[in-house]
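Written below as structure tokens is the structure these notes are about.
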Amino acid sequence: MAAAGDGPWLDDAAGRLVRPFTVSNGRTEPSVALDLMSQVMATGSTPLGYLGPEHAQALDLCRAPVSVAEVAAHLTLPAVVTKVLLSDLVDCGALTAKPPVFHHNPTDRSLLEAVLDGLRRQL
């Protein structure tokens with residue numbers, strides 16, 4: 001069992017001891033429109049005010065451009081909670097966000113089938 005001050009509040013048997021939505025203070029709407037494929041990157045500015053440990057972890061992950069989905073996966077948090085954390089960091093000037101740019105039709109059937117085939121091979 002993890003001690004009280006160890007890393008992200010986890011218990012080996014039970015998993016995360018703190019519910020994900022407590023991380024975002026119950027907020028489910030980010031203040032900045034972020035897509036799962038949006039790219040976020042640290043600006044190098046120090047955030048003003050208190051930010052929680054998950055904010056610091058997210059900021060550390062964003063030293064190079066990274067997608068919102070990747071940040072959520074690394075933090076093991078739901079995407080909506082991650083979007084709220086990242087929007088907090090954008091609001092305080094610590095992150096920049098760039099919407100995804102599509103050079104093709106993202107709902108192209110052949111593209112979606114190729115993605116599905118790739119996922120099936122991974123399983």
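Here's how to read the names in the structure tokens: chain A, B, ... by the order shown, residue numbers from 1 in each chain, ligand numbers from 1 in the order shown.
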Using only C-alpha atoms, tabulate the residues of segment 60-82 of chain A lying at most 9 Å from any atom of segment 38-51 of chain A, each with its closest atom pair and that distance in Å to one decimal, by chain and increasing residue number, as CSV.
residue,atom,partner,partner_atom,distance
A:Asp60,CA,A:Ala42,CA,8.0
A:Leu61,CA,A:Met41,CA,8.6
A:Cys62,CA,A:Met41,CA,4.8
A:Arg63,CA,A:Ala42,CA,5.3
A:Ala64,CA,A:Met41,CA,5.7
A:Pro65,CA,A:Met41,CA,4.7
A:Val66,CA,A:Gln39,CA,5.2
A:Ser67,CA,A:Gln39,CA,4.5
A:Val68,CA,A:Ser38,CA,5.8
A:Ala69,CA,A:Ser38,CA,8.3
### Summary
atom CA of Cys92 of chain A sits from atom CA of His74 of chain A at a separation of 21.9 Å
### Polymer residues at most 9 Å from segment 83-85 of chain A, only C-alpha atoms, same-chain spacing of 4 or more positions, as a ChimeraX atom specification
/A:23-24,27-36,54-55,58,68,72,78-79,89-90
Got time to write the residues from that selection, N, CA and C atoms, as an mmCIF file, in the first residue's frame?
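Final file, selection.cif:
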data_model
loop_
_atom_site.group_PDB
_atom_site.id
_atom_site.type_symbol
_atom_site.label_atom_id
_atom_site.label_comp_id
_atom_site.auth_asym_id
_atom_site.auth_seq_id
_atom_site.Cartn_x
_atom_site.Cartn_y
_atom_site.Cartn_z
ATOM 1 N N VAL A 23 -9.724 16.196 -8.620
ATOM 2 C CA VAL A 23 -8.531 16.840 -9.179
ATOM 3 C C VAL A 23 -8.907 18.159 -9.852
ATOM 4 N N SER A 24 -10.083 18.171 -10.484
ATOM 5 C CA SER A 24 -10.540 19.375 -11.192
ATOM 6 C C SER A 24 -11.568 20.154 -10.375
ATOM 7 N N ARG A 27 -15.094 20.344 -11.661
ATOM 8 C CA ARG A 27 -15.393 21.016 -12.938
ATOM 9 C C ARG A 27 -15.331 20.010 -14.080
ATOM 10 N N THR A 28 -16.262 20.121 -14.996
ATOM 11 C CA THR A 28 -16.288 19.227 -16.155
ATOM 12 C C THR A 28 -16.194 19.986 -17.467
ATOM 13 N N GLU A 29 -16.158 21.309 -17.404
ATOM 14 C CA GLU A 29 -16.065 22.131 -18.611
ATOM 15 C C GLU A 29 -14.761 22.922 -18.597
ATOM 16 N N PRO A 30 -13.859 22.642 -19.539
ATOM 17 C CA PRO A 30 -12.643 23.453 -19.612
ATOM 18 C C PRO A 30 -12.977 24.865 -20.079
ATOM 19 N N SER A 31 -12.188 25.833 -19.663
ATOM 20 C CA SER A 31 -12.424 27.225 -20.062
ATOM 21 C C SER A 31 -11.895 27.500 -21.467
ATOM 22 N N VAL A 32 -11.078 26.604 -21.998
ATOM 23 C CA VAL A 32 -10.498 26.722 -23.336
ATOM 24 C C VAL A 32 -10.964 25.515 -24.142
ATOM 25 N N ALA A 33 -11.377 25.741 -25.374
ATOM 26 C CA ALA A 33 -11.817 24.632 -26.227
ATOM 27 C C ALA A 33 -10.607 23.784 -26.619
ATOM 28 N N LEU A 34 -10.590 22.545 -26.140
ATOM 29 C CA LEU A 34 -9.500 21.625 -26.451
ATOM 30 C C LEU A 34 -10.074 20.351 -27.044
ATOM 31 N N ASP A 35 -9.482 19.914 -28.128
ATOM 32 C CA ASP A 35 -9.820 18.664 -28.778
ATOM 33 C C ASP A 35 -8.822 17.619 -28.268
ATOM 34 N N LEU A 36 -9.154 16.346 -28.354
ATOM 35 C CA LEU A 36 -8.199 15.314 -27.933
ATOM 36 C C LEU A 36 -6.909 15.368 -28.744
ATOM 37 N N GLU A 54 -1.207 17.476 -10.024
ATOM 38 C CA GLU A 54 -1.532 17.024 -11.379
ATOM 39 C C GLU A 54 -1.247 18.098 -12.410
ATOM 40 N N HIS A 55 -1.451 19.369 -12.028
ATOM 41 C CA HIS A 55 -1.095 20.477 -12.924
ATOM 42 C C HIS A 55 0.408 20.447 -13.200
ATOM 43 N N ALA A 58 1.247 17.585 -15.513
ATOM 44 C CA ALA A 58 0.827 17.893 -16.879
ATOM 45 C C ALA A 58 1.803 18.874 -17.528
ATOM 46 N N VAL A 68 -3.485 16.365 -26.272
ATOM 47 C CA VAL A 68 -4.284 16.286 -25.050
ATOM 48 C C VAL A 68 -4.501 14.814 -24.682
ATOM 49 N N ALA A 72 -3.528 12.922 -21.114
ATOM 50 C CA ALA A 72 -4.518 12.180 -20.337
ATOM 51 C C ALA A 72 -4.039 10.756 -20.064
ATOM 52 N N PRO A 78 -9.308 10.785 -16.775
ATOM 53 C CA PRO A 78 -10.255 10.923 -17.889
ATOM 54 C C PRO A 78 -9.932 12.162 -18.724
ATOM 55 N N ALA A 79 -10.246 12.098 -19.995
ATOM 56 C CA ALA A 79 -9.941 13.199 -20.912
ATOM 57 C C ALA A 79 -10.565 14.508 -20.460
ATOM 58 N N LEU A 89 -3.927 25.671 -17.096
ATOM 59 C CA LEU A 89 -2.544 26.043 -17.425
ATOM 60 C C LEU A 89 -2.489 27.021 -18.598
ATOM 61 N N VAL A 90 -3.402 26.887 -19.550
ATOM 62 C CA VAL A 90 -3.479 27.856 -20.656
ATOM 63 C C VAL A 90 -3.915 29.211 -20.109
#
### Query
What is the atom CA of Leu112 of chain A to atom CA of Val71 of chain A distance in Å?
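We find that atom CA of Leu112 of chain A and atom CA of Val71 of chain A lie 22.7 Å from each other.
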